[in-house]
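Here is the file query-v4.cif (mmCIF, C-alpha atoms and all ligand atoms).
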data_run
#
loop_
_atom_site.label_atom_id
_atom_site.label_comp_id
_atom_site.auth_asym_id
_atom_site.auth_seq_id
_atom_site.Cartn_x
_atom_site.Cartn_y
_atom_site.Cartn_z
CA MET N 1 8.19 8.25 1.53
CA CYS N 2 8.49 4.74 0.36
CA ALA N 3 7.82 3.73 -3.22
CA GLN N 4 7.88 0.42 -4.98
CA GLU N 5 7.30 -0.36 -8.61
CA GLU N 6 6.73 -3.57 -10.48
CA HIS N 7 4.95 -4.57 -13.68
CA GLY N 8 3.81 -1.03 -14.33
CA VAL N 9 2.29 -0.55 -10.89
CA SER N 10 3.79 1.88 -8.45
CA ILE N 11 2.71 2.16 -4.86
CA VAL N 12 3.75 5.22 -2.96
CA VAL N 13 3.26 5.31 0.80
CA ASP N 14 3.80 8.48 2.75
CA ILE N 15 5.24 6.93 5.89
CA GLU N 16 5.11 10.24 7.72
CA ARG N 17 1.33 10.30 7.33
CA CYS N 18 0.76 6.64 8.20
CA ILE N 19 -0.88 6.27 11.62
CA GLY N 20 -0.50 2.50 11.72
CA CYS N 21 -4.22 1.69 11.68
CA GLY N 22 -3.54 -1.56 9.82
CA LEU N 23 -6.42 -1.19 7.37
CA CYS N 24 -4.24 -1.60 4.30
CA GLU N 25 -2.75 -4.79 5.68
CA LYS N 26 -6.20 -6.11 6.49
CA LEU N 27 -7.89 -5.12 3.24
CA CYS N 28 -5.32 -5.77 0.53
CA PRO N 29 -6.42 -9.00 -1.20
CA ALA N 30 -2.88 -9.43 -2.51
CA GLY N 31 -1.23 -9.30 0.91
CA ILE N 32 1.12 -6.51 -0.02
CA TYR N 33 1.26 -4.63 3.26
CA LYS N 34 2.73 -5.57 6.59
CA LEU N 35 2.59 -3.46 9.69
CA GLU N 36 5.91 -3.04 11.45
CA SER N 37 6.50 -0.77 14.42
CA ASN N 38 3.15 0.92 13.80
CA LYS N 39 3.94 1.83 10.22
CA THR N 40 2.95 -0.01 7.10
CA ARG N 41 5.57 -1.60 4.91
CA ILE N 42 5.31 -2.86 1.34
CA LYS N 43 6.33 -6.46 0.90
CA GLU N 44 8.37 -6.14 -2.28
CA GLU N 45 8.03 -9.81 -3.11
CA ARG N 46 4.22 -9.45 -3.17
CA LEU N 47 4.05 -6.32 -5.30
CA SER N 48 3.59 -8.18 -8.57
CA TYR N 49 0.27 -9.49 -7.21
CA CYS N 50 -1.26 -6.00 -7.01
CA PHE N 51 -4.19 -5.81 -9.38
CA VAL N 52 -4.95 -2.16 -8.75
CA CYS N 53 -8.25 -2.66 -6.93
CA ARG N 54 -7.41 0.51 -4.97
CA ALA N 55 -8.92 -0.80 -1.73
CA CYS N 56 -5.81 0.38 0.11
CA GLU N 57 -5.83 3.80 -1.47
CA VAL N 58 -9.50 4.55 -0.82
CA SER N 59 -9.55 3.08 2.68
CA CYS N 60 -6.50 4.73 4.20
CA PRO N 61 -7.91 7.27 6.67
CA VAL N 62 -5.01 9.67 6.15
CA GLN N 63 -4.58 9.28 2.37
CA ALA N 64 -1.07 7.97 2.78
CA ILE N 65 -1.24 5.54 -0.15
CA VAL N 66 -1.22 6.29 -3.86
CA VAL N 67 -1.41 3.47 -6.39
CA ILE N 68 -0.21 4.48 -9.85
CA GLU N 69 -0.82 2.35 -12.88
CA ARG N 70 1.45 3.13 -15.79
CA ALA N 71 0.24 2.47 -19.30
S1 LIG N 101 -4.51 -1.68 -5.10
FE1 LIG N 101 -5.52 -3.49 -4.19
S2 LIG N 101 -4.13 -5.19 -4.62
FE2 LIG N 101 -2.97 -3.30 -4.95
S3 LIG N 101 -1.92 -2.89 -3.01
FE3 LIG N 101 -3.89 -1.81 -2.96
S4 LIG N 101 -5.36 -3.16 -1.98
FE4 LIG N 101 -3.58 -4.38 -2.60
S1 LIG N 102 -4.31 2.35 5.92
FE1 LIG N 102 -2.99 4.18 5.83
S2 LIG N 102 -2.73 4.82 7.94
FE2 LIG N 102 -3.51 2.75 8.00
S3 LIG N 102 -1.66 1.47 8.17
FE3 LIG N 102 -2.17 1.64 5.98
S4 LIG N 102 -0.96 3.42 5.22
FE4 LIG N 102 -1.01 3.51 7.46
#
Written as structure tokens, how would this file's structure read?
Amino acid sequence: MCAQEEHGVSIVVDIERCIGCGLCEKLCPAGIYKLESNKTRIKEERLSYCFVCRACEVSCPVQAIVVIERA
């Protein structure tokens, strides 16, 4: 597991599930993901740009990503 939180948004990626398809990296409009060694990685410095569009969450073929917005 890998979790990052900033400005009330948490992104949790289950690295064990990730199959390295690269969809999250390709689809995230905020450029938050980066594929490394066939696993996705969250670029911490980009996390504050997440606007909770959930494109990553709904597109991941193995449901490895959960985006949590805290009130
Ligand atoms: S919710 Fe949208 S902006 Fe946030 S990490 Fe996912 S694809 Fe990127
Ligand atoms: S979309 Fe899912 S499986 Fe594909 S690289 Fe991202 S986290 Fe991994």
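Of the residues under consideration (N:Ala30, N:Ile11, N:Ala3, N:Cys18), N:Cys18 shows the shortest atom-to-atom contact distance to ligand LIG 102 (chain N) when counting all atoms listed in the file.
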### Nearby residues, ligand LIG 101 (chain N), 6 Å, only C-alpha atoms and all ligand atoms, as an MDAnalysis selection string
chainID N and resid 28:30 32 50:56
### Message
Need the shell around Arg17 of chain N: protein/DNA/RNA residues with any atom at most 12 Å away, counting only C-alpha atoms. Skip same-chain ones fewer than 5 positions apart. Format as a PyMOL selection string?
### Response
chain N and resi 1-2+12+38-40+60-65
### atom CA of Ile19 of chain N to atom FE3 of ligand LIG 102 (chain N), distance in Å rounded to a single decimal
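Separating atom CA of Ile19 of chain N from atom FE3 of ligand LIG 102 (chain N) is a distance of 7.4 Å.
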### Task
Rank nothing, just name the residue among N:Lys43, N:Val58, N:Tyr33, N:Cys24 nearest to ligand LIG 102 (chain N), using all atoms listed in the file.
N:Cys24
### Query
Hey, what's within 10 Å of His7 of chain N if we count only C-alpha atoms and toss same-chain stuff fewer than 4 positions away? As a PyMOL selection string, please?
chain N and resi 47-50+69-70
### Task
Between N:Gln4, N:Glu16, N:Gly22, N:Val67, single out the one closest to ligand LIG 102 (chain N), counting only C-alpha atoms and all ligand atoms.
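For ligand LIG 102 (chain N), the nearest of the given residues is N:Gly22.
Taking atom CA of Glu44 of chain N and atom CA of Gly8 of chain N as endpoints, the distance between them is 13.9 Å.
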### Query
In terms of the shortest atom-to-atom distance over all atoms listed in the file, which of N:Ile42, N:Val9, N:Ser37, N:Ser59 is closest to ligand LIG 102 (chain N)?
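That would be N:Ser59, the residue with the smallest distance to ligand LIG 102 (chain N).
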